[in-house]
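J.: This one is work_15.cif, mmCIF, C-alpha atoms.
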```cif
data_start
loop_
_atom_site.label_atom_id
_atom_site.label_comp_id
_atom_site.auth_asym_id
_atom_site.auth_seq_id
_atom_site.Cartn_x
_atom_site.Cartn_y
_atom_site.Cartn_z
CA MET J 187 27.14 -43.36 -20.48
CA THR J 188 27.42 -40.71 -17.81
CA GLY J 189 29.82 -38.40 -19.64
CA ILE J 190 31.82 -37.84 -22.82
CA ALA J 191 34.71 -35.58 -23.74
CA GLY J 192 37.17 -35.13 -26.54
CA VAL J 193 39.87 -32.96 -28.06
CA VAL J 194 41.19 -32.46 -31.59
CA PRO J 195 44.52 -30.62 -31.37
CA GLY J 196 45.81 -28.25 -34.01
CA MET J 197 47.49 -29.45 -37.18
CA GLY J 198 50.98 -30.76 -36.49
CA GLU J 199 50.35 -31.12 -32.75
CA ASN J 200 50.58 -34.60 -31.22
CA CYS J 201 49.25 -33.80 -27.77
CA ALA J 202 45.70 -35.21 -27.82
CA VAL J 203 46.55 -37.91 -25.28
CA ARG J 204 48.03 -35.44 -22.79
CA HIS J 205 45.12 -33.01 -23.14
CA LEU J 206 42.57 -35.80 -22.74
CA GLN J 207 44.11 -37.04 -19.50
CA THR J 208 43.47 -33.69 -17.83
CA MET J 209 39.74 -33.85 -18.72
CA THR J 210 38.77 -37.39 -17.79
CA GLY J 211 38.60 -37.17 -14.00
CA ALA J 212 35.71 -34.70 -13.98
CA LEU J 213 33.49 -36.95 -16.09
CA LYS J 214 32.86 -39.59 -13.44
CA ILE J 215 29.88 -39.20 -11.14
CA ASN J 216 30.54 -42.30 -9.03
CA GLU J 217 33.82 -43.98 -8.24
CA ASP J 218 32.74 -47.35 -9.68
CA GLU J 219 32.23 -45.92 -13.16
CA ILE J 220 34.60 -47.00 -15.89
CA LEU J 221 36.49 -44.77 -18.33
CA GLN J 222 37.23 -45.92 -21.86
CA GLU J 223 39.52 -43.89 -24.09
CA LYS J 224 40.37 -43.67 -27.76
CA ALA J 225 43.54 -41.68 -28.21
CA SER J 226 45.77 -41.00 -31.19
CA PRO J 227 47.88 -38.05 -32.31
CA GLN J 228 44.86 -36.68 -34.20
CA VAL J 229 42.09 -37.07 -31.63
CA GLY J 230 41.26 -38.05 -28.08
CA LEU J 231 37.83 -39.40 -27.06
CA VAL J 232 36.73 -40.61 -23.65
CA GLY J 233 33.46 -41.95 -22.29
CA ALA J 234 32.40 -42.64 -18.71
CA ALA J 235 29.89 -45.42 -18.12
CA ARG J 236 28.34 -47.38 -15.28
CA PRO J 237 29.55 -50.93 -14.64
CA GLY J 238 28.23 -53.30 -17.26
CA GLN J 239 27.68 -50.57 -19.85
CA MET J 240 29.83 -49.70 -22.83
CA ALA J 241 31.60 -46.35 -22.99
CA LEU J 242 32.85 -46.30 -26.59
CA PHE J 243 31.86 -48.07 -29.80
CA GLU J 244 34.22 -48.77 -32.67
CA ALA J 245 33.71 -50.08 -36.20
CA GLY J 246 36.71 -49.90 -38.49
CA ALA J 247 37.99 -46.34 -38.63
CA VAL J 248 34.93 -44.89 -36.86
CA THR J 249 34.63 -44.36 -33.10
CA LEU J 250 31.38 -43.31 -31.41
CA ALA J 251 30.70 -41.94 -27.93
CA TRP J 252 27.40 -40.68 -26.60
CA ILE J 253 25.62 -39.61 -23.46
CA GLY J 254 21.88 -39.96 -22.92
CA GLN J 255 19.40 -42.57 -24.10
CA PHE J 256 18.16 -43.74 -27.48
CA ALA J 257 15.31 -45.97 -28.48
CA ALA J 258 16.53 -49.55 -28.75
CA ASP J 259 17.20 -49.27 -32.49
CA ALA J 260 17.75 -45.48 -32.42
CA LEU J 261 14.45 -45.02 -34.25
CA THR J 262 11.64 -46.86 -32.49
CA GLY J 263 11.06 -49.11 -29.50
CA GLU J 264 11.82 -49.03 -25.80
CA PHE J 265 14.46 -46.64 -24.48
CA ALA J 266 17.58 -48.31 -23.18
CA PRO J 267 21.18 -47.63 -22.14
CA PRO J 268 23.85 -47.87 -24.84
CA THR J 269 24.45 -51.34 -26.26
CA ALA J 270 26.87 -52.68 -28.83
CA SER J 271 24.08 -53.23 -31.35
CA THR J 272 22.75 -49.68 -30.93
CA GLY J 273 26.22 -48.19 -31.30
CA GLU J 274 26.97 -50.27 -34.37
CA GLY J 275 23.64 -49.30 -35.88
CA ILE J 276 24.34 -45.59 -35.45
CA ILE J 277 27.80 -45.99 -37.00
CA GLN J 278 26.28 -47.81 -39.96
CA ARG J 279 23.81 -44.97 -40.45
CA TYR J 280 26.73 -42.59 -40.68
CA LEU J 281 28.69 -44.78 -43.10
CA GLN J 282 25.71 -45.24 -45.37
CA ALA J 283 24.17 -41.75 -45.36
CA GLY J 284 26.71 -39.35 -43.87
CA ALA J 285 26.64 -37.00 -40.91
CA GLU J 286 23.04 -35.89 -41.53
CA ALA J 287 21.88 -39.41 -40.67
CA LEU J 288 22.77 -38.69 -37.03
CA CYS J 289 20.24 -35.85 -36.81
CA GLY J 290 16.85 -36.18 -35.15
CA LEU J 291 17.30 -39.68 -33.74
CA ASN J 292 14.67 -40.86 -31.29
CA GLY J 293 16.14 -40.08 -27.92
CA ARG J 294 17.69 -37.60 -25.51
CA TYR J 295 21.32 -37.53 -26.47
CA ALA J 296 24.54 -35.85 -27.43
CA LEU J 297 26.94 -37.92 -29.51
CA ALA J 298 30.44 -37.52 -30.89
CA LEU J 299 31.76 -39.55 -33.83
CA TRP J 300 35.34 -39.56 -35.08
CA ASP J 301 36.02 -40.69 -38.64
CA ALA J 302 39.74 -41.41 -38.77
CA ASP J 303 39.81 -41.95 -42.55
CA HIS J 304 38.62 -38.39 -43.17
CA ARG J 305 39.93 -36.89 -39.91
CA ARG J 306 36.43 -35.61 -39.29
CA LEU J 307 34.64 -35.00 -35.99
CA VAL J 308 30.85 -35.06 -36.00
CA ILE J 309 28.81 -33.96 -32.98
CA ALA J 310 25.00 -34.01 -32.86
CA ASN J 311 22.32 -33.63 -30.21
CA ASP J 312 18.57 -34.11 -29.91
CA ARG J 313 15.99 -31.65 -31.18
CA LEU J 314 15.44 -29.89 -27.86
CA GLY J 315 19.02 -29.98 -26.63
CA LEU J 316 17.98 -31.86 -23.50
CA GLN J 317 21.45 -33.36 -23.09
CA PRO J 318 23.99 -30.57 -22.44
CA LEU J 319 27.24 -30.50 -24.37
CA TYR J 320 29.84 -27.73 -24.39
CA PHE J 321 32.56 -26.96 -26.91
CA TRP J 322 35.51 -24.60 -27.41
CA HIS J 323 37.32 -23.69 -30.61
CA ASN J 324 40.21 -21.28 -31.14
CA GLY J 325 40.63 -21.59 -34.89
CA ALA J 326 43.26 -24.31 -34.64
CA ALA J 327 41.97 -26.82 -32.09
CA LEU J 328 38.63 -27.98 -30.71
CA ALA J 329 37.62 -29.50 -27.37
CA PHE J 330 34.22 -30.60 -26.06
CA ALA J 331 32.63 -32.28 -23.06
CA SER J 332 29.24 -33.06 -21.59
CA LYS J 333 30.35 -31.44 -18.32
CA LEU J 334 31.73 -27.92 -18.19
CA LYS J 335 34.20 -28.83 -15.45
CA ALA J 336 35.67 -31.54 -17.68
CA LEU J 337 36.13 -29.06 -20.51
CA ALA J 338 37.69 -26.61 -18.08
CA GLY J 339 40.38 -29.22 -17.44
CA CYS J 340 41.66 -28.94 -21.00
CA PRO J 341 44.98 -27.03 -20.87
CA LEU J 342 44.23 -25.36 -24.22
CA LEU J 343 41.51 -23.19 -22.67
CA ARG J 344 42.13 -19.76 -21.26
CA LYS J 345 39.99 -20.00 -18.14
CA SER J 346 38.31 -16.64 -17.69
CA LEU J 347 34.83 -15.58 -16.73
CA ASP J 348 32.36 -14.53 -19.42
CA PRO J 349 30.94 -11.19 -18.13
CA THR J 350 27.87 -11.42 -20.38
CA ALA J 351 27.01 -14.85 -19.02
CA LEU J 352 27.48 -13.63 -15.44
CA PHE J 353 25.14 -10.70 -16.11
CA ASP J 354 22.54 -13.09 -17.59
CA LEU J 355 22.79 -15.33 -14.55
CA LEU J 356 22.38 -12.48 -12.06
CA ALA J 357 19.60 -10.80 -14.05
CA THR J 358 17.51 -13.79 -15.12
CA GLY J 359 18.71 -16.73 -13.03
CA GLN J 360 20.07 -18.69 -16.00
CA MET J 361 22.24 -18.62 -19.09
CA LEU J 362 20.73 -17.14 -22.24
CA GLY J 363 21.47 -18.41 -25.71
CA GLU J 364 24.67 -20.45 -25.94
CA HIS J 365 26.68 -18.53 -23.32
CA THR J 366 28.44 -20.32 -20.46
CA LEU J 367 30.32 -18.96 -17.48
CA LEU J 368 33.61 -19.73 -19.25
CA GLN J 369 34.79 -17.23 -21.85
CA ASP J 370 34.78 -18.67 -25.41
CA VAL J 371 33.03 -21.88 -24.32
CA GLN J 372 29.61 -22.38 -25.90
CA ALA J 373 26.72 -24.71 -25.21
CA LEU J 374 25.77 -26.69 -28.29
CA PRO J 375 22.37 -25.28 -29.38
CA PRO J 376 19.38 -27.63 -29.62
CA ALA J 377 19.02 -29.60 -32.88
CA SER J 378 22.62 -29.01 -33.90
CA LEU J 379 25.04 -30.81 -36.16
CA LEU J 380 28.68 -29.82 -35.58
CA LEU J 381 31.29 -30.73 -38.20
CA TYR J 382 35.01 -30.22 -37.64
CA GLU J 383 37.43 -31.14 -40.38
CA ALA J 384 40.86 -29.80 -41.38
CA GLY J 385 40.56 -27.02 -38.78
CA ARG J 386 37.23 -25.80 -40.18
CA LEU J 387 34.25 -25.64 -37.81
CA GLN J 388 30.65 -25.64 -39.00
CA VAL J 389 27.54 -25.77 -36.79
CA LYS J 390 24.21 -26.36 -38.52
CA THR J 391 20.67 -26.28 -37.14
CA TYR J 392 18.82 -29.28 -38.55
CA TRP J 393 15.38 -28.62 -37.05
CA GLN J 394 13.31 -25.73 -35.72
CA PRO J 395 9.84 -25.71 -34.17
CA ARG J 396 7.08 -24.41 -36.42
CA LEU J 397 6.05 -20.97 -35.17
CA TYR J 398 3.10 -19.40 -36.96
CA GLN J 399 3.38 -15.68 -37.66
CA THR J 400 0.70 -13.06 -37.09
CA GLY J 401 -2.10 -13.49 -39.61
CA GLU J 402 -0.72 -16.76 -40.97
CA PRO J 403 -3.33 -19.54 -41.27
CA HIS J 404 -2.77 -22.36 -38.81
CA PRO J 405 -4.69 -25.47 -37.73
CA PRO J 406 -7.19 -24.96 -34.89
CA PRO J 407 -6.09 -26.39 -31.54
CA GLU J 408 -8.87 -29.01 -31.58
CA ASP J 409 -7.31 -30.58 -34.70
CA LEU J 410 -3.97 -30.91 -32.91
CA ALA J 411 -5.24 -32.26 -29.59
CA GLU J 412 -5.70 -35.90 -30.59
CA PRO J 413 -2.31 -36.32 -32.32
CA LEU J 414 -0.61 -34.57 -29.40
CA VAL J 415 -2.22 -36.84 -26.83
CA GLY J 416 -1.29 -39.89 -28.91
CA LEU J 417 2.36 -38.88 -29.05
CA LEU J 418 2.39 -38.06 -25.35
CA ARG J 419 0.90 -41.45 -24.48
CA GLN J 420 3.49 -43.18 -26.63
CA ALA J 421 6.34 -41.31 -24.91
CA VAL J 422 5.02 -42.07 -21.42
CA GLU J 423 4.40 -45.75 -22.20
CA ARG J 424 8.04 -46.15 -23.17
CA ARG J 425 8.93 -45.08 -19.63
CA LEU J 426 6.39 -47.18 -17.74
CA ARG J 427 8.63 -48.91 -15.24
CA PRO J 428 6.70 -48.87 -11.95
CA PRO J 429 6.84 -47.76 -9.28
CA ILE J 430 6.83 -44.28 -10.84
CA SER J 431 7.43 -41.05 -8.98
CA LEU J 432 5.62 -38.10 -10.60
CA LEU J 433 6.68 -34.61 -9.53
CA LEU J 434 3.28 -32.93 -9.83
CA THR J 435 2.34 -29.26 -9.77
CA GLY J 436 -0.60 -27.39 -11.20
CA GLY J 437 1.34 -26.64 -14.39
CA LEU J 438 0.40 -27.81 -17.85
CA ASP J 439 3.36 -30.16 -18.28
CA SER J 440 2.98 -32.31 -15.16
CA ARG J 441 -0.83 -32.12 -15.44
CA LEU J 442 -0.60 -33.76 -18.86
CA LEU J 443 1.62 -36.51 -17.46
CA ALA J 444 -0.87 -37.13 -14.65
CA GLY J 445 -3.66 -37.51 -17.19
CA VAL J 446 -1.72 -40.06 -19.21
CA LEU J 447 -0.74 -42.01 -16.08
CA ALA J 448 -4.34 -42.13 -14.84
CA GLY J 449 -5.69 -45.66 -14.86
CA GLN J 450 -2.42 -47.33 -13.86
CA PRO J 451 -2.74 -50.12 -11.27
CA ALA J 452 -2.90 -49.08 -7.62
CA GLY J 453 0.53 -48.34 -6.22
CA ALA J 454 2.17 -48.07 -9.66
CA VAL J 455 2.33 -44.26 -9.54
CA PHE J 456 2.71 -41.89 -6.62
CA ALA J 457 2.51 -38.15 -7.20
CA ASN J 458 4.41 -35.78 -4.96
CA THR J 459 4.58 -32.02 -4.65
CA ILE J 460 7.19 -29.92 -2.88
CA GLY J 461 5.84 -26.92 -1.02
CA HIS J 462 3.61 -26.01 1.91
CA GLU J 463 -0.08 -26.46 2.59
CA ARG J 464 -1.15 -23.09 1.20
CA ALA J 465 1.04 -23.14 -1.90
CA ALA J 466 -0.83 -22.96 -5.20
CA ASP J 467 1.21 -25.87 -6.55
CA VAL J 468 0.15 -28.07 -3.66
CA ILE J 469 -3.53 -27.13 -3.85
CA LEU J 470 -3.73 -27.63 -7.61
CA ALA J 471 -1.64 -30.80 -7.57
CA ARG J 472 -3.96 -32.43 -5.06
CA ARG J 473 -6.96 -31.65 -7.25
CA VAL J 474 -5.21 -33.03 -10.33
CA ALA J 475 -4.08 -36.18 -8.48
CA GLN J 476 -7.60 -36.78 -7.19
CA ALA J 477 -9.07 -36.36 -10.69
CA ALA J 478 -6.50 -38.75 -12.13
CA GLY J 479 -6.88 -41.30 -9.32
CA LEU J 480 -3.26 -41.03 -8.17
CA ASP J 481 -1.86 -41.18 -4.65
CA HIS J 482 -0.46 -37.81 -3.60
CA VAL J 483 2.25 -36.97 -1.06
CA LEU J 484 3.27 -33.51 0.15
CA ILE J 485 6.99 -32.95 0.63
CA PRO J 486 7.37 -29.93 2.96
CA VAL J 487 9.96 -27.39 1.91
CA ASN J 488 12.89 -27.29 4.26
CA PRO J 489 13.12 -23.68 5.48
CA HIS J 490 16.89 -24.00 5.24
CA TYR J 491 16.79 -25.37 1.69
CA LEU J 492 19.12 -22.71 0.29
CA GLU J 493 21.79 -23.60 2.79
CA GLU J 494 21.27 -27.33 2.33
CA TYR J 495 20.71 -27.63 -1.41
CA SER J 496 22.63 -24.75 -2.98
CA GLY J 497 25.85 -26.76 -3.14
CA PRO J 498 24.25 -29.77 -4.88
CA CYS J 499 22.36 -27.39 -7.18
CA VAL J 500 25.57 -25.69 -8.28
CA ARG J 501 27.24 -29.04 -8.87
CA ARG J 502 24.32 -30.40 -10.86
CA THR J 503 23.85 -27.31 -13.05
CA GLU J 504 27.56 -26.39 -13.07
CA GLY J 505 26.67 -22.92 -11.88
CA HIS J 506 24.30 -22.22 -14.76
CA MET J 507 21.13 -21.70 -12.73
CA ASN J 508 20.12 -19.54 -9.80
CA CYS J 509 19.84 -21.60 -6.63
CA TYR J 510 16.43 -20.17 -5.76
CA ALA J 511 15.00 -23.28 -7.45
CA ALA J 512 17.16 -25.66 -5.42
CA TRP J 513 14.10 -26.60 -3.36
CA ILE J 514 13.25 -29.13 -6.06
CA LEU J 515 16.04 -31.33 -4.71
CA GLY J 516 13.90 -31.83 -1.63
CA GLU J 517 12.12 -34.62 -3.48
CA ARG J 518 15.02 -36.87 -2.60
CA GLU J 519 13.97 -36.59 1.04
CA LEU J 520 10.90 -38.71 0.28
CA PRO J 521 11.67 -42.34 1.19
CA ARG J 522 9.43 -43.66 -1.60
CA TRP J 523 11.45 -41.65 -4.13
CA ARG J 524 14.43 -43.92 -3.52
CA GLN J 525 12.24 -46.95 -4.28
CA ALA J 526 10.99 -45.57 -7.60
CA ALA J 527 12.14 -47.29 -10.77
CA SER J 528 11.48 -44.19 -12.86
CA LEU J 529 10.96 -40.48 -12.24
CA MET J 530 8.67 -38.32 -14.37
CA THR J 531 8.56 -34.56 -14.33
CA GLY J 532 7.37 -31.89 -16.74
CA VAL J 533 9.57 -29.26 -18.34
CA GLY J 534 8.45 -26.46 -20.62
CA GLY J 535 4.70 -26.33 -20.05
CA GLU J 536 4.54 -22.61 -19.34
CA ALA J 537 6.80 -21.65 -22.21
CA VAL J 538 5.00 -23.89 -24.69
CA SER J 539 1.58 -22.65 -23.62
CA GLY J 540 2.47 -18.98 -23.74
CA ARG J 541 5.17 -18.29 -26.27
CA HIS J 542 3.03 -18.46 -29.44
CA VAL J 543 0.40 -16.02 -28.25
CA LEU J 544 2.97 -13.75 -26.64
CA ALA J 545 4.91 -13.53 -29.88
CA GLU J 546 1.76 -13.02 -31.90
CA ARG J 547 0.60 -10.04 -29.89
CA ALA J 548 3.83 -8.45 -28.73
CA GLY J 549 5.36 -7.27 -31.99
CA PRO J 550 8.74 -7.98 -33.58
CA ASP J 551 11.00 -6.73 -30.78
CA LEU J 552 9.52 -8.91 -28.06
CA THR J 553 9.14 -11.75 -30.52
CA ALA J 554 12.88 -11.69 -31.17
CA ALA J 555 13.59 -11.56 -27.44
CA LEU J 556 11.18 -14.41 -26.81
CA ARG J 557 12.84 -16.58 -29.42
CA LEU J 558 16.22 -15.85 -27.91
CA LEU J 559 15.03 -16.83 -24.46
CA THR J 560 13.12 -19.92 -25.55
CA GLY J 561 16.30 -21.07 -27.22
CA ALA J 562 18.27 -20.87 -23.98
CA HIS J 563 20.14 -24.13 -23.52
CA TRP J 564 17.95 -26.78 -21.78
CA LYS J 565 16.16 -24.13 -19.69
CA PHE J 566 13.72 -22.67 -22.17
CA HIS J 567 10.91 -23.26 -19.65
CA LYS J 568 12.00 -20.09 -17.84
CA ALA J 569 11.18 -17.90 -20.82
CA ALA J 570 7.48 -17.55 -20.13
CA ARG J 571 8.19 -16.46 -16.55
CA LEU J 572 10.60 -13.79 -17.75
CA LEU J 573 8.18 -12.40 -20.31
CA ARG J 574 4.90 -13.15 -18.59
CA ALA J 575 2.39 -10.34 -19.15
CA PRO J 576 -1.41 -9.95 -19.00
CA PHE J 577 -1.76 -9.67 -22.77
CA GLY J 578 -0.69 -13.26 -23.30
CA ARG J 579 -1.98 -15.30 -20.42
CA ALA J 580 -5.73 -15.44 -21.06
CA ALA J 581 -5.42 -16.27 -24.74
CA ALA J 582 -2.73 -18.84 -24.06
CA GLN J 583 -4.88 -20.54 -21.45
CA GLN J 584 -7.82 -20.64 -23.85
CA SER J 585 -5.72 -21.97 -26.72
CA PHE J 586 -4.26 -24.85 -24.74
CA ALA J 587 -7.06 -25.58 -22.29
CA LEU J 588 -8.46 -28.19 -24.68
CA LEU J 589 -5.13 -30.02 -24.84
CA ALA J 590 -4.88 -30.17 -21.07
CA GLU J 591 -8.51 -31.20 -20.76
CA CYS J 592 -8.14 -34.01 -23.29
CA ALA J 593 -5.02 -35.36 -21.65
CA LEU J 594 -6.40 -35.16 -18.14
CA HIS J 595 -9.69 -36.88 -18.91
CA ALA J 596 -8.80 -39.15 -21.81
CA PRO J 597 -8.52 -42.28 -19.62
CA SER J 598 -12.09 -41.87 -18.36
CA THR J 599 -15.32 -39.98 -18.97
CA ARG J 600 -15.06 -37.81 -15.86
CA SER J 601 -15.44 -34.07 -16.17
CA GLU J 602 -14.90 -31.11 -13.92
#
```
What would the structure in this file look like if it were written as structure tokens?
T.:
Amino acid sequence: MTGIAGVVPGMGENCAVRHLQTMTGALKINEDEILQEKASPQVGLVGAARPGQMALFEAGAVTLAWIGQFAADALTGEFAPPTASTGEGIIQRYLQAGAEALCGLNGRYALALWDADHRRLVIANDRLGLQPLYFWHNGAALAFASKLKALAGCPLLRKSLDPTALFDLLATGQMLGEHTLLQDVQALPPASLLLYEAGRLQVKTYWQPRLYQTGEPHPPPEDLAEPLVGLLRQAVERRLRPPISLLLTGGLDSRLLAGVLAGQPAGAVFANTIGHERAADVILARRVAQAAGLDHVLIPVNPHYLEEYSGPCVRRTEGHMNCYAAWILGERELPRWRQAASLMTGVGGEAVSGRHVLAERAGPDLTAALRLLTGAHWKFHKAARLLRAPFGRAAAQQSFALLAECALHAPSTRSE
């Protein structure tokens, strides 16, 4: 699917169909996509999907819509677009074990399930909240969508700007927490289970990362390196559909991917970096690509990138990110990018490598701020940049150097 949306009107209102019709148009990315709706007086659900894919799944009184990708059986195996068997399997999990069975599935997803027998709406997303989903609730009705502009089409909403969100955007370049630019519209937090029944809304957090506190015993990094590399290899192998385009910088995240991809057949992977000859990203990426045995291509930054890419950046992020980073869209200028079967890029390396040590040394105030920022919806990788300080960098680099070293050199016996 490429988008989902839905609305549950207030008790006694039979306007779900009318409300849904105003939201559907904004879900489609391409004109050839299909829209499939499930509408009744109690609920309206719609899914947008590419030709040949299913948009909604139904089994008895239960209807399921999702956006993203699951493993083939929602637990293990190769990742794949939605299929009837996958949808039916997820519905069966719900019928057998309840709403909690939809938590923590293997994938990048946001799903919505309507149980007509109980008049219950269940919404869940993946552990890191990688698939955006927005919702609005006024105490009597609820509406949601995977695209903010689709939710804005719901006539129930009072469309006004959230001044706190605007301040966050201007001050930090992104949204913080669950704020959006629309007043009273929230982003579903990572690892969330939303239940809506009889006008009552409940949002639960079903998973949180383990953060060790100051003085608390924790495993040494060397004991975690091998399991981490194993999981990373498994994740990358599920996505091995060459030719692969790897957006490579000198950062921890893309460096790890380069290490795992080392040893692939010639021509299977091409690394590319956006920047200029003297940029640190370009210099470091070339060294990493050489060490990993990968072809490397420099994509020069268009000096007019703000003028050229700001519009697409706003459309892609729905206004939730400063356009200073729009240069990343320059990758599409590379002809080989269009020939790639899969694209790999790292997200979160700086935040993951720095947040533990920063929190450990900074005290409770900065720790609380750091947790707030690292929880920012699908952009937690900006947190380390916002709170970067000398007291955290050296220790963080030491703590995670072994992980990077293991991943970079695991395919061979080479050393720096």
J.: Running the PyMOL selection byres ((chain J and resi 350) around 12) on this model by hand, what would come out? Give it as a list in words.
T.: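 Selected by the PyMOL selection byres ((chain J and resi 350) around 12) here: Ser346, Leu347, Asp348, Pro349, Ala351, Leu352, Phe353, Asp354, Leu355, Leu356, Ala357, Thr358, Gln360, Met361, Leu362, Gly363, Glu364, His365, Thr366, Leu367, Leu368, Gln369 and Asp370 of chain J.
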J.: Once the PyMOL selection byres ((chain J and resi 387-396) around 12) has been evaluated on this model, what residues remain selected, and can you format them as a ChimeraX atom specification?
T.: /J:194,285-291,306-315,321-329,372-386,397-399,402,404-405,538,541-542,557,560-561
J.: Would you list the residues near (43.1, -36.8, -27.4) (no more than 12 Å away, in the coordinates of the file, using all atoms listed in the file) as number ranges by chain?
T.: J: 191-196, 199-210, 223-232, 300, 327-330, 340-342
J.: Using all atoms listed in the file, pick whichever of J:Asp439, J:Tyr495, J:Arg472, J:Pro429 has the shortest atom-to-atom distance to J:Ala452.
T.: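 That would be J:Pro429, the residue with the smallest distance to J:Ala452.
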J.: Considering all atoms listed in the file, state which residue in the set J:Leu319, J:Ile514, J:Leu447, J:Ala454 is at the smallest distance from J:Ala296.
T.: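 For J:Ala296, the nearest of the candidates is J:Leu319.
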J.: Please identify all polymer residues within 10 Å of J:Ile430, counting only C-alpha atoms, omitting same-chain residues fewer than 2 positions from it, and present them as JSON, numbers by chain.
T.: {"J": [425, 426, 427, 428, 432, 433, 447, 453, 454, 455, 456, 457, 522, 523, 525, 526, 527, 528, 529, 530]}
J.: Emit the selected residues as a compact mmCIF listing (two decimals), keeping the file's coordinate frame, including C-alpha atoms.
T.:
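Everything below was put into out39.txt:
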```txt
# COMPACT_ATOMS: atom_id res chain seq x y z
CA ARG J 425 8.93 -45.08 -19.63
CA LEU J 426 6.39 -47.18 -17.74
CA ARG J 427 8.63 -48.91 -15.24
CA PRO J 428 6.70 -48.87 -11.95
CA LEU J 432 5.62 -38.10 -10.60
CA LEU J 433 6.68 -34.61 -9.53
CA LEU J 447 -0.74 -42.01 -16.08
CA GLY J 453 0.53 -48.34 -6.22
CA ALA J 454 2.17 -48.07 -9.66
CA VAL J 455 2.33 -44.26 -9.54
CA PHE J 456 2.71 -41.89 -6.62
CA ALA J 457 2.51 -38.15 -7.20
CA ARG J 522 9.43 -43.66 -1.60
CA TRP J 523 11.45 -41.65 -4.13
CA GLN J 525 12.24 -46.95 -4.28
CA ALA J 526 10.99 -45.57 -7.60
CA ALA J 527 12.14 -47.29 -10.77
CA SER J 528 11.48 -44.19 -12.86
CA LEU J 529 10.96 -40.48 -12.24
CA MET J 530 8.67 -38.32 -14.37
```
J.: Tell me which of J:Leu343, J:Arg501, J:Arg294, J:Leu442 sits closest to J:Ile215, counting all atoms listed in the file.
T.: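 Looking only at the distances to J:Ile215, the closest residue turns out to be J:Arg501.
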J.: So which residues touch J:Ser496 within 7 Å, counting only C-alpha atoms, skipping near sequence neighbours fewer than 4 positions away, as a list in words?
T.: Leu492, Val500, Cys509 and Ala512 of chain J
J.: Have a look at atom CA of J:Gly339 and atom CA of J:Gln222 and let me know their distance in Å, one decimal.
T.: 17.6 Å
J.: Please provide as a count of residues only all residues within 10 Å of J:Ile277, with the sequence filter that same-chain residues fewer than 6 positions apart are discarded (counting only C-alpha atoms).
T.: 14
J.: Suppose you want the space between atom CA of J:Asp481 and atom CA of J:Ala465; what is it in Å?
T.: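 Between these atoms lies a distance of 18.5 Å.
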J.: Using all atoms listed in the file, can you list as a PDB file with C-alpha atoms, in the frame of the given file the residues within 8 Å of (29.2, -39.8, -18.5)?
T.:
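Listing of out14.pdb after writing:
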```pdb
ATOM      1  CA  MET J 187      27.140 -43.360 -20.480  1.00  0.00           C
ATOM      2  CA  THR J 188      27.420 -40.710 -17.810  1.00  0.00           C
ATOM      3  CA  GLY J 189      29.820 -38.400 -19.640  1.00  0.00           C
ATOM      4  CA  ILE J 190      31.820 -37.840 -22.820  1.00  0.00           C
ATOM      5  CA  LEU J 213      33.490 -36.950 -16.090  1.00  0.00           C
ATOM      6  CA  LYS J 214      32.860 -39.590 -13.440  1.00  0.00           C
ATOM      7  CA  ILE J 215      29.880 -39.200 -11.140  1.00  0.00           C
ATOM      8  CA  GLY J 233      33.460 -41.950 -22.290  1.00  0.00           C
ATOM      9  CA  ALA J 234      32.400 -42.640 -18.710  1.00  0.00           C
ATOM     10  CA  ALA J 235      29.890 -45.420 -18.120  1.00  0.00           C
ATOM     11  CA  ILE J 253      25.620 -39.610 -23.460  1.00  0.00           C
ATOM     12  CA  SER J 332      29.240 -33.060 -21.590  1.00  0.00           C
TER      13      SER J 332
END
```
J.: Rounded to one decimal, what separation in Å do you get between atom CA of J:Thr531 and atom CA of J:Pro489?
T.: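 Interatomic distance here is 23.1 Å.
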J.: I'd like to see the residues matched by the PyMOL selection byres ((chain J and resi 483) around 7) on this file, and ideally I'd get them as a list in words.
T.: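 Selected by the PyMOL selection byres ((chain J and resi 483) around 7) here: Ala457, Asn458, Thr459, Asp481, His482, Leu484 and Ile485 of chain J.
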